There are 2 protein chains.
Amino acid sequence: MSQPVTLHDVAAAAEVSVATASRALSGKNRVSRETVAKVQAVAAELGYRVDPIARALREGSTRIIGMIVPVIGNPYFAQLVDVAEEQLQRRGFELLLADSHGRIDEELRRLTVFGERKVDGIIIVPSDRSASAGALRSIRSNIALVQIDRSAGVSLADFVGVDNDVAMLLLLEHLWERGARSVAFVGADDVTSSGLERVDAFHRALERTGLTLVGQIRGQFDTNTGIAAADEIADGQLPDAIVAGSDLIAFGLISRLRKRGIRVPDDVLVTGFDGTTLSQIFTPSLTTVVQPIEGIAADAVSFLIGRIEGSDAPVRNSRLTPTLRVGESTEAR
Amino acid sequence: MSQPVTLHDVAAAAEVSVATASRALSGKNRVSRETVAKVQAVAAELGYRVDPIARALREGSTRIIGMIVPVIGNPYFAQLVDVAEEQLQRRGFELLLADSHGRIDEELRRLTVFGERKVDGIIIVPSDRSASAGALRSIRSNIALVQIDRSAGVSLADFVGVDNDVAMLLLLEHLWERGARSVAFVGADDVTSSGLERVDAFHRALERTGLTLVGQIRGQFDTNTGIAAADEIADGQLPDAIVAGSDLIAFGLISRLRKRGIRVPDDVLVTGFDGTTLSQIFTPSLTTVVQPIEGIAADAVSFLIGRIEGSDAPVRNSRLTPTLRVGESTEAR
DNA sequence: CTGAAAGCGCTTACAG
DNA sequence: CTGAAAGCGCTTACAG
């Protein structure tokens, strides 16, 4: 490809100064009608595109948004990234993606790099309910910030996520209707806010529905946690139902239960959480709570852009309502 | 956070010129021992970090690598991104990720943006076996390029992917051993290179193993293609086995076959392709060909960095050998 | 070995 | 409305 054409080239061809060319193209300064027309025509003809790096150095802003997720391999986060990217694109922002692997040190490093690269804003799924706060506070104050799915403190920055209380109530009411009276919970530990909130929400829903708790296992939001929990549960007294803190946990759970000779839903009902595409393909298809991913991403993006544009509205804590999707994993016995 | 400290601050504190400070820090120029020590000490104390944007404007290079995948929601690509990112990180590069949604126009736009942002290199999974070539040729010649998993022409840039011939031979030999004599193929269409190569490899493997072809359905590398194919196959004469072009296709296939009352492996054997984590959790666990993701990413990264460092070695076409992982989906009847 | 100067490509006060 | 100049933070010939 040929040498990129610079503003200098455009100015020369349009027979104006670079200053005027710049103003004509930006459109937000008083420039004569004819000059604007001429410069724009020349720019188009030459295929001029502003150099984002030079602009960033001069303006200190990049129109890049950084996004940090704990693990891109989790289909829920992959979907979230996908939707967020599309919405940012539409608003003229690029997405720079990084994976913290759920580790606080990596998270801090990514945040630092994003800061150095002068991103205009950051969308983050904080990896640690308390330890992430320090990392988040360390970023420069002129970088907009929004927390998504997990929080490291609602006072730190806007937050958007699912309403875990509604979710757990939907699940437990459904299980009760299907005849379950005893239930075990397999979720994530208290390191993440969603791990903590979901177990709390689960307990509140327990009280309201009258189900009996017969066991609680905590780990990560991954299939291995489900696998380990299945072994533990299979070795003890089987509950009527098991509530998993995520679809991935449910996948691991069901898979290993089956290997241990326990069938879902015949011997025990199982529910997931997230509503990933795969939950409908899985055998048995999963009864799960579907997160309103589009809405969550839309709120996060609009909060973020609002902050970038200077909004100093009070910090928001936005909880979107999920829906129940019934699958085979809780079919009546 | 306080004002970022600039090279000017460091130079002043160390009582040298910015030029000397720059040279002392870069380490690749002749500067006296003491000056280097002093500048480094001052820089460390002040917490100086070079401004990557200013450096990029000056040097024309960013130490950022762009990566474009067709769909981040596909667990295989998510794993690839994850591994590539880790390896780049270790070599001092950041990863900028974008999703082309398998569309040639989006792909071109991403490539353009990456070019403008002056990435040093691009790792791409071309979305279209022939149409992507134009887009790839349009990027500036000083940007290193490597194709991964799919190719838009081996002469365009280095390519790294799996050896589809070995893969198909492993699968068909395994099916033969398990007693299958007739087989159907469900893969992706000729738009992607892997779609084309896998069907070709499948046919070559057919000849070598002696299996009989009883049907061939082409679509995308997703679950919906598997679902649609299951309906078509269920309506006709059932083969002994079905070879799917990807794990996602196999998931959709098995799920819908089951809804149609056809059991895997009891009524028909099914194999996948990729070796995603979920293929081991799925019910039944999937017999599949495991792509050497670490190796593929490692080759791609080292080819890319080689090019960035100026290598003009002949264009490479690197095919890594996969392995067979046997699961329940082909258990002997 | 070190410093003063130029310049990467842009935007924006400052004059006119 | 337009131009000449400064400056964002850095690196690297060019002199010495």
# chains A, B, ... in the order shown; residues from 1 in each chain; ligands from 1
>>> interface_residues(of="chain D", to="chain A", cutoff="10 Å", atoms="only C-alpha atoms (C1' of nucleotides)", output="ChimeraX atom specification")
/D:1-4,7-9
>>> interface_residues(of="chain A", to="chain B", cutoff="9 Å", atoms="only C-alpha atoms", output="NGL selection string")
:A and (1-4 or 49-54 or 56-57 or 71-79 or 81-82 or 85 or 94-99 or 113 or 116-118 or 137-141 or 223 or 251-252 or 254-256 or 258 or 278 or 280-285)
>>> atom_distance(atom1="atom CA of A:Pro239", atom2="atom CA of A:Val268")
6.8 Å
>>> atom_distance(atom1="atom CA of B:Gln216", atom2="atom CA of B:Phe185")
4.7 Å
>>> select_by_dssp(residues="stretch 208-256 of chain B", states="strand (DSSP E or B)", output="list of chain:residue names")
B:Thr212, B:Leu213, B:Val214, B:Gly215, B:Gln216, B:Ile217, B:Arg218, B:Gly219, B:Ala241, B:Ile242, B:Val243, B:Ala244
>>> select_by_dssp(residues="stretch 93-294 of chain B", states="alpha helix (DSSP H)", output="count of residues only")
83
>>> residues_around(residues="A:Leu304", least_positions_apart="6", cutoff="9 Å", atoms="only C-alpha atoms (C1' of nucleotides)", output="PyMOL selection string")
chain A and resi 121-123+144-146+158
>>> residues_around(residues="A:Leu108", least_positions_apart="4", cutoff="7 Å", atoms="only C-alpha atoms (C1' of nucleotides)", output="list in words")
Ile104, Thr112 and Ala135 of chain A
>>> write_last_selection(atoms="C-alpha atoms", output="short mmCIF file (atom, residue, chain, number, x, y, z; two decimals), in the first residue's frame")
data_model
loop_
_atom_site.label_atom_id
_atom_site.label_comp_id
_atom_site.auth_asym_id
_atom_site.auth_seq_id
_atom_site.Cartn_x
_atom_site.Cartn_y
_atom_site.Cartn_z
CA ILE A 104 -5.65 -9.78 40.78
CA THR A 112 -2.05 -0.14 34.03
CA ALA A 135 -6.53 -1.75 41.35
#
>>> residues_around(residues="stretch 321-333 of chain B", least_positions_apart="3", cutoff="9 Å", atoms="only C-alpha atoms (C1' of nucleotides)", output="PyMOL selection string")
chain B and resi 161-164+166-167+170-171+174-175+178-179+241+254+264-271+274-275+279-280+283-292
>>> residues_around(residues="A:Leu257", least_positions_apart="5", cutoff="8 Å", atoms="only C-alpha atoms (C1' of nucleotides)", output="ChimeraX atom specification")
/A:227,230-231,234,262-264
>>> atom_distance(atom1="atom CA of A:Ile217", atom2="atom CA of A:Ser127")
19.8 Å
>>> residues_around(residues="B:Ala184", least_positions_apart="2", cutoff="8 Å", atoms="only C-alpha atoms (C1' of nucleotides)", output="ChimeraX atom specification")
/B:182,186,213-216,239,241-243
>>> closest_residue(among="B:Leu196, B:Ser318, B:Ala201, B:Gly187", to="B:Thr225", atoms="only C-alpha atoms")
B:Gly187
